[in-house]
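Q: So here's data00.txt (compact mmCIF, C-alpha atoms).
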```txt
# COMPACT_ATOMS: atom_id res chain seq x y z
CA ILE A 1 -43.59 16.37 -47.77
CA LEU A 2 -44.26 20.02 -46.99
CA LEU A 3 -41.75 20.02 -44.12
CA THR A 4 -39.15 18.36 -46.31
CA GLY A 5 -39.78 20.93 -49.05
CA LEU A 6 -39.42 23.81 -46.61
CA PHE A 7 -36.27 22.30 -45.11
CA LEU A 8 -34.69 21.86 -48.54
CA PHE A 9 -35.67 25.36 -49.62
CA PHE A 10 -33.70 26.80 -46.73
CA LEU A 11 -30.55 25.00 -47.87
CA GLU A 12 -28.58 27.52 -49.93
CA PRO A 13 -27.61 25.25 -52.87
CA VAL A 14 -31.17 23.96 -53.28
CA ARG A 15 -32.70 27.44 -53.02
CA GLU A 16 -30.20 28.90 -55.49
CA ARG A 17 -30.76 26.09 -58.00
CA THR A 18 -34.54 26.45 -57.69
CA GLN A 19 -34.43 30.21 -58.16
CA ASN A 20 -32.20 29.95 -61.24
CA PHE A 21 -34.00 26.98 -62.82
CA ALA A 22 -35.60 28.90 -65.71
CA GLU A 23 -32.34 30.64 -66.57
CA HIS A 24 -30.28 27.44 -66.45
CA PHE A 25 -32.90 25.55 -68.43
CA SER A 26 -33.05 27.97 -71.33
CA ILE A 27 -29.48 29.32 -71.62
CA SER A 28 -27.59 28.54 -74.80
CA GLY A 29 -26.46 24.93 -74.56
CA GLY A 30 -28.76 24.30 -71.61
CA ARG A 31 -31.21 21.48 -71.02
CA LYS A 32 -33.76 22.92 -73.44
CA ASP A 33 -31.22 22.75 -76.30
CA MET A 34 -30.03 19.28 -75.28
CA TRP A 35 -33.57 17.92 -74.99
CA THR A 36 -34.57 19.43 -78.33
CA LEU A 37 -31.54 17.82 -79.96
CA GLY A 38 -32.23 14.54 -78.13
CA LEU A 39 -35.78 14.43 -79.45
CA GLU A 40 -34.50 15.18 -82.95
CA LEU A 41 -31.90 12.40 -82.67
CA SER A 42 -34.50 9.93 -81.40
CA GLU A 43 -36.67 10.69 -84.43
CA ARG A 44 -33.78 10.50 -86.92
CA PHE A 45 -32.26 7.36 -85.37
CA PRO A 46 -35.14 5.27 -83.94
CA LEU A 47 -32.77 2.34 -83.34
CA GLY A 48 -30.41 4.61 -81.38
CA LEU A 49 -26.85 5.78 -81.88
CA GLY A 50 -25.29 3.02 -79.79
CA LEU A 51 -24.09 3.07 -76.21
CA ASN A 52 -21.91 5.99 -75.13
CA ASN A 53 -22.57 7.84 -78.37
CA ALA A 54 -24.69 10.64 -76.95
CA SER A 55 -21.55 12.76 -77.29
CA PHE A 56 -22.36 12.69 -81.00
CA MET A 57 -24.74 15.55 -80.15
CA GLN A 58 -21.75 17.93 -80.06
CA LYS A 59 -21.08 17.28 -83.73
CA LEU A 60 -24.70 18.05 -84.56
CA ASP A 61 -24.93 21.13 -82.39
CA PRO A 62 -21.52 22.79 -81.83
CA SER A 63 -23.14 25.46 -79.64
CA LEU A 64 -23.48 22.92 -76.81
CA PRO A 65 -20.73 23.20 -74.21
CA LYS A 66 -17.95 20.61 -74.63
CA ILE A 67 -18.53 19.29 -71.11
CA HIS A 68 -22.04 18.04 -71.99
CA ARG A 69 -21.77 14.45 -73.14
CA HIS A 70 -25.28 13.33 -72.30
CA MET A 71 -28.88 14.51 -72.54
CA HIS A 72 -29.44 15.49 -68.88
CA ASN A 73 -32.42 13.12 -68.83
CA ASN A 74 -32.23 9.38 -68.11
CA TYR A 75 -35.09 8.45 -70.41
CA LEU A 76 -34.06 10.61 -73.34
CA ASN A 77 -30.44 9.49 -73.05
CA VAL A 78 -31.45 5.82 -73.10
CA VAL A 79 -33.65 6.42 -76.17
CA VAL A 80 -30.89 8.33 -78.00
CA GLU A 81 -28.32 5.60 -77.30
CA SER A 82 -30.43 2.43 -77.51
CA GLY A 83 -33.44 3.50 -79.55
CA TRP A 84 -37.13 3.48 -78.77
CA LEU A 85 -37.11 -0.24 -77.97
CA GLY A 86 -34.33 0.35 -75.45
CA GLY A 87 -36.26 3.26 -73.93
CA ILE A 88 -39.44 1.22 -73.61
CA THR A 89 -37.44 -1.62 -72.05
CA TYR A 90 -35.82 0.78 -69.56
CA VAL A 91 -39.21 2.15 -68.48
CA TRP A 92 -40.71 -1.37 -68.27
CA TRP A 93 -37.72 -2.61 -66.23
CA SER A 94 -37.96 0.37 -63.87
CA ALA A 95 -41.72 -0.07 -63.40
CA LEU A 96 -41.31 -3.81 -62.79
CA ILE A 97 -38.76 -3.22 -60.03
CA LEU A 98 -41.05 -0.66 -58.37
CA PHE A 99 -43.95 -3.10 -58.64
CA ILE A 100 -41.85 -5.80 -56.97
CA ALA A 101 -40.75 -3.42 -54.20
CA PHE A 102 -44.26 -2.27 -53.35
CA SER A 103 -45.93 -5.67 -53.76
CA THR A 104 -43.30 -7.11 -51.39
CA TRP A 105 -44.12 -4.36 -48.91
CA LYS A 106 -47.84 -5.02 -49.29
CA LYS A 107 -47.33 -8.74 -48.71
CA LEU A 108 -45.08 -8.35 -45.67
CA ARG A 109 -46.52 -5.30 -43.92
CA THR A 110 -49.20 -7.25 -42.06
CA SER A 111 -46.96 -10.21 -41.20
CA SER A 112 -47.17 -11.41 -37.62
CA ASN A 113 -43.42 -12.04 -37.84
CA HIS A 114 -41.76 -8.78 -36.72
CA GLU A 115 -38.65 -9.34 -38.88
CA LEU A 116 -40.79 -9.87 -41.99
CA SER A 117 -42.86 -6.76 -41.33
CA ILE A 118 -39.60 -4.78 -40.99
CA ALA A 119 -38.41 -6.33 -44.28
CA GLY A 120 -41.64 -5.08 -45.86
CA ILE A 121 -41.00 -1.56 -44.57
CA ILE A 122 -37.45 -1.70 -45.94
CA SER A 123 -38.82 -2.78 -49.33
CA PHE A 124 -41.19 0.21 -49.26
CA PHE A 125 -38.38 2.65 -48.53
CA LEU A 126 -36.10 1.13 -51.17
CA GLY A 127 -38.89 1.52 -53.73
CA THR A 128 -39.43 5.10 -52.60
CA ALA A 129 -35.70 5.81 -52.94
CA LEU A 130 -35.76 4.43 -56.49
CA ILE A 131 -38.71 6.70 -57.28
CA GLY A 132 -36.52 9.59 -56.12
CA ILE A 133 -33.65 8.48 -58.34
CA HIS A 134 -35.98 8.09 -61.33
CA SER A 135 -37.64 11.45 -60.63
CA ALA A 136 -34.28 13.19 -60.57
CA GLY A 137 -33.57 11.38 -63.83
CA PHE A 138 -36.07 13.63 -65.58
CA VAL A 139 -33.66 16.56 -65.32
CA GLU A 140 -30.30 14.81 -64.99
CA TYR A 141 -28.69 11.72 -66.47
CA ASN A 142 -28.03 10.35 -63.00
CA PHE A 143 -28.18 6.71 -64.12
CA GLY A 144 -25.07 7.48 -66.16
CA ASP A 145 -23.25 8.44 -62.96
CA SER A 146 -21.55 5.26 -61.74
CA GLU A 147 -22.04 6.09 -58.05
CA ILE A 148 -25.79 6.62 -58.47
CA ARG A 149 -26.10 3.56 -60.70
CA MET A 150 -24.26 1.40 -58.12
CA ILE A 151 -26.56 2.62 -55.34
CA ALA A 152 -29.65 1.98 -57.49
CA LEU A 153 -28.45 -1.51 -58.43
CA PHE A 154 -27.66 -2.24 -54.77
CA TYR A 155 -31.21 -1.19 -53.82
CA ILE A 156 -32.59 -3.37 -56.62
CA GLY A 157 -30.59 -6.34 -55.33
CA LEU A 158 -31.99 -5.77 -51.84
CA ILE A 159 -35.53 -5.57 -53.22
CA PHE A 160 -35.11 -8.91 -55.00
CA SER A 161 -33.63 -10.42 -51.84
CA LEU A 162 -36.60 -9.19 -49.79
CA ARG A 163 -38.99 -10.54 -52.40
CA GLU A 164 -37.32 -13.93 -52.13
CA GLU A 165 -37.62 -13.77 -48.34
CA ALA A 166 -41.32 -13.00 -48.72
CA ALA A 167 -41.74 -15.99 -51.07
CA ILE A 168 -39.93 -18.32 -48.69
CA SER A 169 -42.01 -17.11 -45.74
CA SER A 170 -45.26 -17.66 -47.63
CA THR A 171 -44.32 -21.30 -48.31
CA LYS A 172 -43.63 -21.88 -44.60
CA THR A 173 -47.08 -20.69 -43.52
```
Take the structure in the file and write it out as structure tokens.
A:
Amino acid sequence: ILLTGLFLFFLEPVRERTQNFAEHFSISGGRKDMWTLGLELSERFPLGLGLNNASFMQKLDPSLPKIHRHMHNNYLNVVVESGWLGGITYVWWSALILFIAFSTWKKLRTSSNHELSIAGIISFFLGTALIGIHSAGFVEYNFGDSEIRMIALFYIGLIFSLREEAAISSTKT
């Protein structure tokens, strides 16, 4: 982790973004303003505004830049659009998928079958990749980006496929 952190810090875009984080967070119309508005909207509309209506935030706070049409946070954006029940469901769904990924890894990692132990390792890495996507989702609405969403859903499909393989293998033994 330390080596990865050092490596990333020496990449110019990552270093620049890290150094300017506080400024970008608190500028007018920045994440601080969007998150404050998002929390206000989630309190005022506990059932949500409806899908793809986070852009409504521009009408409530005209100081936000026109290009911002989401909350720059997966969890807050889901709550604003689909309400608290939708937010709880999103977190539950995400946790369930991670549980399946890591329980599949745990089940397959000690398999005497080399292919199954490799499948377990793949399940571990897919779960870890999803943790990365969800972690980035704290500061960006990356699940709203179709490319990221497609990759995440592809990983989820692979995790379910590996889980099924683990179930089939356990019935054979």
Q: Check the smallest atom-to-atom distance from each of A:Ser146, A:Ser103, A:Asn74, A:Ser169 to Glu115 in chain A using all atoms listed in the file, then report the winner.
A: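 Closest residue, counting all atoms listed in the file: A:Ser169.
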Q: Enclose range 50-54 of chain A, meaning all of its atoms listed in the file, in a box aligned along x, y and z, pad it by 6 Å on each side, and list the centre and edge lengths in Å to one decimal, as JSON.
A:
```
{"center_x": -23.6, "center_y": 6.8, "center_z": -77.5, "size_x": 15.4, "size_y": 19.6, "size_z": 16.7}
```
Q: Given all atoms listed in the file as the basis, pick out the residue of A:Leu108, A:Ala101, A:Leu85, A:Ile133 nearest to Ile148 in chain A.
A: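 Using all atoms listed in the file, Ile148 in chain A sits closest to A:Ile133.
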Q: Mind pulling up the distance from CA of Leu6 in chain A to CA of Ser94 in chain A?
A: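 Between these atoms lies a distance of 29.1 Å.
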Q: For Ser42 in chain A, list every protein, DNA or RNA residue within 12 Å, evaluated using all atoms listed in the file, and leave out those in the same chain fewer than 5 positions away; present the list as a list in words.
A: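 Everything that qualifies: Trp35, Thr36, Leu37, Leu47, Gly48, Leu49, Gly50, Ala54, Met57, Met71, Tyr75, Leu76, Asn77, Val78, Val79, Val80, Glu81, Ser82, Gly83, Trp84, Leu85, Gly86 and Gly87 of chain A.
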Q: Neighbouring residues of range 160-164 of chain A were defined as those with any atom within 7 Å, considering only C-alpha atoms; residues of the same chain fewer than 5 positions away were excluded. Please report them as a PyMOL selection string.
A: chain A and resi 104+119+123
Q: Using Å and a single decimal, report how far CA of Leu158 in chain A sits from CA of Gly132 in chain A.
A: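 CA of Gly132 in chain A sits 16.6 Å away from CA of Leu158 in chain A.
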Q: Nearest to Lys106 in chain A: which of A:Leu51, A:Ala166, A:Leu60, A:Ala129 is it, counting only C-alpha atoms?
A: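 The shortest atom-to-atom distance to Lys106 in chain A comes from A:Ala166.
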Q: Using Å and a single decimal, report how far CA of Glu16 in chain A sits from CA of Gly144 in chain A.
A: 24.5 Å
Q: Rank nothing, just name the residue among A:Ser63, A:Asn53, A:Asn73, A:Thr4 nearest to Ala136 in chain A, using all atoms listed in the file.
A: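 Closest to Ala136 in chain A, using all atoms listed in the file: A:Asn73.
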Q: Between A:His114, A:Leu130, A:Lys32, A:Asn142, which is the closest to Phe154 in chain A once you count all atoms listed in the file?
A: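 Among the listed residues, the smallest separation from Phe154 in chain A belongs to A:Leu130.
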Q: Using only C-alpha atoms, find the one residue out of A:Val139, A:Ile100, A:Ile67, A:Val91 that sits nearest to Gly157 in chain A.
A: A:Ile100
